[in-house]
$ cat entry25.cif   # mmCIF, C-alpha atoms
data_model
loop_
_atom_site.label_atom_id
_atom_site.label_comp_id
_atom_site.auth_asym_id
_atom_site.auth_seq_id
_atom_site.Cartn_x
_atom_site.Cartn_y
_atom_site.Cartn_z
CA MET Y 1 -26.71 -34.08 24.69
CA ARG Y 2 -29.74 -32.56 23.02
CA ILE Y 3 -29.81 -29.55 20.75
CA GLY Y 4 -30.75 -27.03 23.45
CA GLU Y 5 -27.88 -28.06 25.68
CA LEU Y 6 -25.41 -27.97 22.79
CA ALA Y 7 -26.63 -24.52 21.77
CA ALA Y 8 -26.26 -23.23 25.33
CA ARG Y 9 -22.77 -24.69 25.74
CA ALA Y 10 -21.67 -23.28 22.39
CA GLY Y 11 -23.18 -19.87 23.06
CA THR Y 12 -25.52 -19.95 20.08
CA THR Y 13 -29.12 -20.81 19.24
CA THR Y 14 -30.86 -24.01 18.23
CA ARG Y 15 -31.87 -22.27 15.02
CA THR Y 16 -28.21 -21.68 14.18
CA LEU Y 17 -27.41 -25.33 14.87
CA ARG Y 18 -30.19 -26.47 12.57
CA TYR Y 19 -28.82 -24.13 9.90
CA TYR Y 20 -25.32 -25.59 10.28
CA GLU Y 21 -26.88 -29.03 10.01
CA SER Y 22 -28.66 -28.05 6.80
CA ARG Y 23 -25.34 -26.83 5.39
CA GLY Y 24 -23.67 -30.14 6.22
CA LEU Y 25 -21.33 -28.71 8.84
CA LEU Y 26 -22.90 -30.31 11.88
CA PRO Y 27 -23.88 -33.98 11.79
CA ALA Y 28 -27.42 -34.85 12.77
CA ARG Y 29 -27.84 -38.02 14.74
CA ARG Y 30 -31.24 -39.00 16.09
CA SER Y 31 -32.16 -40.86 19.22
CA GLY Y 32 -34.87 -43.50 19.31
CA ASN Y 33 -37.49 -40.85 20.07
CA GLY Y 34 -36.37 -38.68 17.13
CA TYR Y 35 -34.49 -36.01 19.07
CA ARG Y 36 -31.22 -34.74 17.70
CA THR Y 37 -28.28 -35.92 19.79
CA TYR Y 38 -24.78 -34.50 19.99
CA ASP Y 39 -21.53 -35.22 21.78
CA GLU Y 40 -18.35 -33.39 22.77
CA SER Y 41 -16.91 -33.69 19.26
CA ASP Y 42 -19.88 -31.72 17.94
CA LEU Y 43 -19.22 -29.02 20.52
CA ARG Y 44 -15.62 -28.90 19.31
CA LEU Y 45 -16.83 -28.45 15.71
CA LEU Y 46 -19.09 -25.62 16.79
CA ARG Y 47 -16.34 -23.88 18.70
CA GLN Y 48 -14.12 -24.07 15.62
CA ILE Y 49 -16.88 -22.60 13.43
CA ARG Y 50 -17.69 -19.83 15.90
CA THR Y 51 -14.04 -18.88 16.40
CA LEU Y 52 -13.45 -18.61 12.67
CA GLN Y 53 -16.63 -16.60 12.19
CA ASP Y 54 -15.52 -14.25 14.97
CA PHE Y 55 -12.35 -13.70 12.92
CA GLY Y 56 -14.42 -12.77 9.85
CA PHE Y 57 -14.55 -16.09 8.02
CA ASP Y 58 -17.83 -16.80 6.29
CA LEU Y 59 -19.59 -20.06 7.00
CA GLU Y 60 -18.39 -21.81 3.85
CA GLU Y 61 -14.78 -20.91 4.67
CA THR Y 62 -15.09 -22.92 7.89
CA ARG Y 63 -15.85 -26.15 6.03
CA PRO Y 64 -12.23 -27.34 5.56
CA PHE Y 65 -11.55 -26.82 9.28
CA VAL Y 66 -14.65 -28.80 10.24
CA GLU Y 67 -13.77 -31.57 7.79
CA CYS Y 68 -10.25 -31.68 9.22
CA LEU Y 69 -11.62 -32.16 12.74
CA ARG Y 70 -14.09 -34.77 11.52
CA ALA Y 71 -11.21 -36.66 9.90
CA GLY Y 72 -9.72 -37.07 13.37
CA HIS Y 73 -7.02 -34.41 13.32
CA PRO Y 74 -6.29 -32.78 16.67
CA GLU Y 75 -6.74 -29.26 15.25
CA GLY Y 76 -9.02 -27.98 12.51
CA ASP Y 77 -6.19 -26.12 10.85
CA SER Y 78 -3.74 -29.00 10.51
CA CYS Y 79 -4.95 -30.01 7.03
CA PRO Y 80 -3.76 -28.56 3.70
CA ALA Y 81 -7.25 -27.30 2.77
CA SER Y 82 -7.47 -25.33 6.02
CA LEU Y 83 -4.05 -23.79 5.42
CA ALA Y 84 -5.18 -22.77 1.94
CA VAL Y 85 -8.18 -20.97 3.46
CA TYR Y 86 -5.85 -19.15 5.88
CA ARG Y 87 -3.65 -18.06 2.97
CA ARG Y 88 -6.63 -16.87 0.93
CA LYS Y 89 -8.05 -14.97 3.91
CA LEU Y 90 -4.70 -13.29 4.56
CA GLY Y 91 -4.62 -12.21 0.92
CA GLU Y 92 -8.09 -10.71 1.26
CA LEU Y 93 -7.11 -8.94 4.47
CA ASP Y 94 -3.94 -7.54 2.88
CA ALA Y 95 -6.01 -6.19 -0.02
CA LEU Y 96 -8.48 -4.57 2.38
CA ILE Y 97 -5.67 -3.06 4.41
CA GLY Y 98 -4.25 -1.63 1.19
CA GLN Y 99 -7.61 -0.13 0.26
CA LEU Y 100 -8.06 1.33 3.73
CA SER Y 101 -4.56 2.80 3.64
CA THR Y 102 -5.37 4.49 0.33
CA VAL Y 103 -8.62 5.91 1.69
CA ARG Y 104 -6.86 7.06 4.85
CA GLU Y 105 -4.20 8.87 2.82
CA THR Y 106 -6.89 10.59 0.74
CA VAL Y 107 -8.80 11.72 3.83
CA SER Y 108 -5.56 12.91 5.40
CA ARG Y 109 -4.77 15.02 2.33
CA GLN Y 110 -8.29 16.45 2.34
CA LEU Y 111 -7.98 17.38 6.01
CA GLU Y 112 -4.61 19.01 5.40
CA ARG Y 113 -6.05 20.99 2.46
CA ALA Y 114 -9.09 22.07 4.51
CA GLU Y 115 -6.97 23.14 7.47
CA GLN Y 116 -4.69 25.16 5.18
CA ALA Y 117 -7.68 26.87 3.54
CA ARG Y 118 -9.13 27.67 6.95
CA ALA Y 119 -5.83 29.10 8.14
CA GLU Y 120 -5.60 31.30 5.03
CA LEU Y 121 -9.13 32.62 5.60
CA ALA Y 122 -8.32 33.37 9.21
CA ALA Y 123 -5.17 35.21 8.20
CA GLU Y 124 -7.09 37.30 5.63
CA ALA Y 125 -9.72 38.16 8.24
CA GLU Y 126 -7.07 39.65 10.50
CA VAL Y 127 -5.94 42.06 7.76
CA PRO Y 128 -7.80 45.37 8.06
CA GLY Y 129 -10.56 45.37 5.47
CA GLY Y 130 -10.20 41.62 4.89
CA PRO Y 131 -13.22 39.38 4.42
CA GLU Y 132 -15.28 38.35 7.41
CA PRO Y 133 -15.03 34.54 7.69
CA ALA Y 134 -18.39 32.79 7.52
CA CYS Y 135 -19.45 29.21 7.38
CA GLU Y 136 -21.33 28.37 4.21
CA LEU Y 137 -23.77 26.32 6.27
CA GLY Y 138 -24.57 29.20 8.60
CA GLY Y 139 -23.99 29.39 12.30
CA ASN Y 140 -20.65 30.25 13.88
CA PRO Y 141 -17.76 31.12 11.56
CA TRP Y 142 -15.63 28.49 13.24
#

$ encode --input "entry25.cif" --output "structure tokens"
Amino acid sequence: MRIGELAARAGTTTRTLRYYESRGLLPARRSGNGYRTYDESDLRLLRQIRTLQDFGFDLEETRPFVECLRAGHPEGDSCPASLAVYRRKLGELDALIGQLSTVRETVSRQLERAEQARAELAAEAEVPGGPEPACELGGNPW
């Protein structure tokens, strides 16, 4: 198949395919008239790359999976190098989850503090002679 057909079947663009080719991820075979030609194995490589990228892998991280498929393995993740990429990616994800959990806890504490301060102001406003609550930014007090 030619590059346009492969791009359409893979759900990408010919420009992307040429980029993958330039990065050594997609083999470039030429027909007698100079057109790039591809087969079903190339479509399989592309699907592997696209799936991994959808999961957040960068293009270079897909290389071991592509090489595994090119070596004739039935799955791109059946080689030790692919498994190492999975492990590394899981470590990165765990670190990000940890960072997000820390940020979430900080925001939660800030919200709790702000709600408590607001409740205290409201309680003071209900006391005769207490301060009139007002938003520092203007507009409605609440």

$ closest_residue --input "entry25.cif" --among "Y:Arg2, Y:Thr13, Y:Asp77, Y:Tyr86" --to "Glu40 of chain Y" --atoms "all atoms listed in the file"
Y:Arg2

$ residues_near_point --input "entry25.cif" --point "(-28.0, -21.9, 14.8)" --cutoff "12 Å" --atoms "all atoms listed in the file" --output "PyMOL selection string"
chain Y and resi 3-4+6-8+10-23+25-26+46+49-50+59

$ atom_distance --input "entry25.cif" --atom1 "atom CA of Ala28 of chain Y" --atom2 "atom CA of Asp42 of chain Y"
9.7 Å

$ atom_distance --input "entry25.cif" --atom1 "atom CA of Ala71 of chain Y" --atom2 "atom CA of Gln48 of chain Y"
14.1 Å

$ atom_distance --input "entry25.cif" --atom1 "atom CA of Phe65 of chain Y" --atom2 "atom CA of Gly91 of chain Y"
18.2 Å
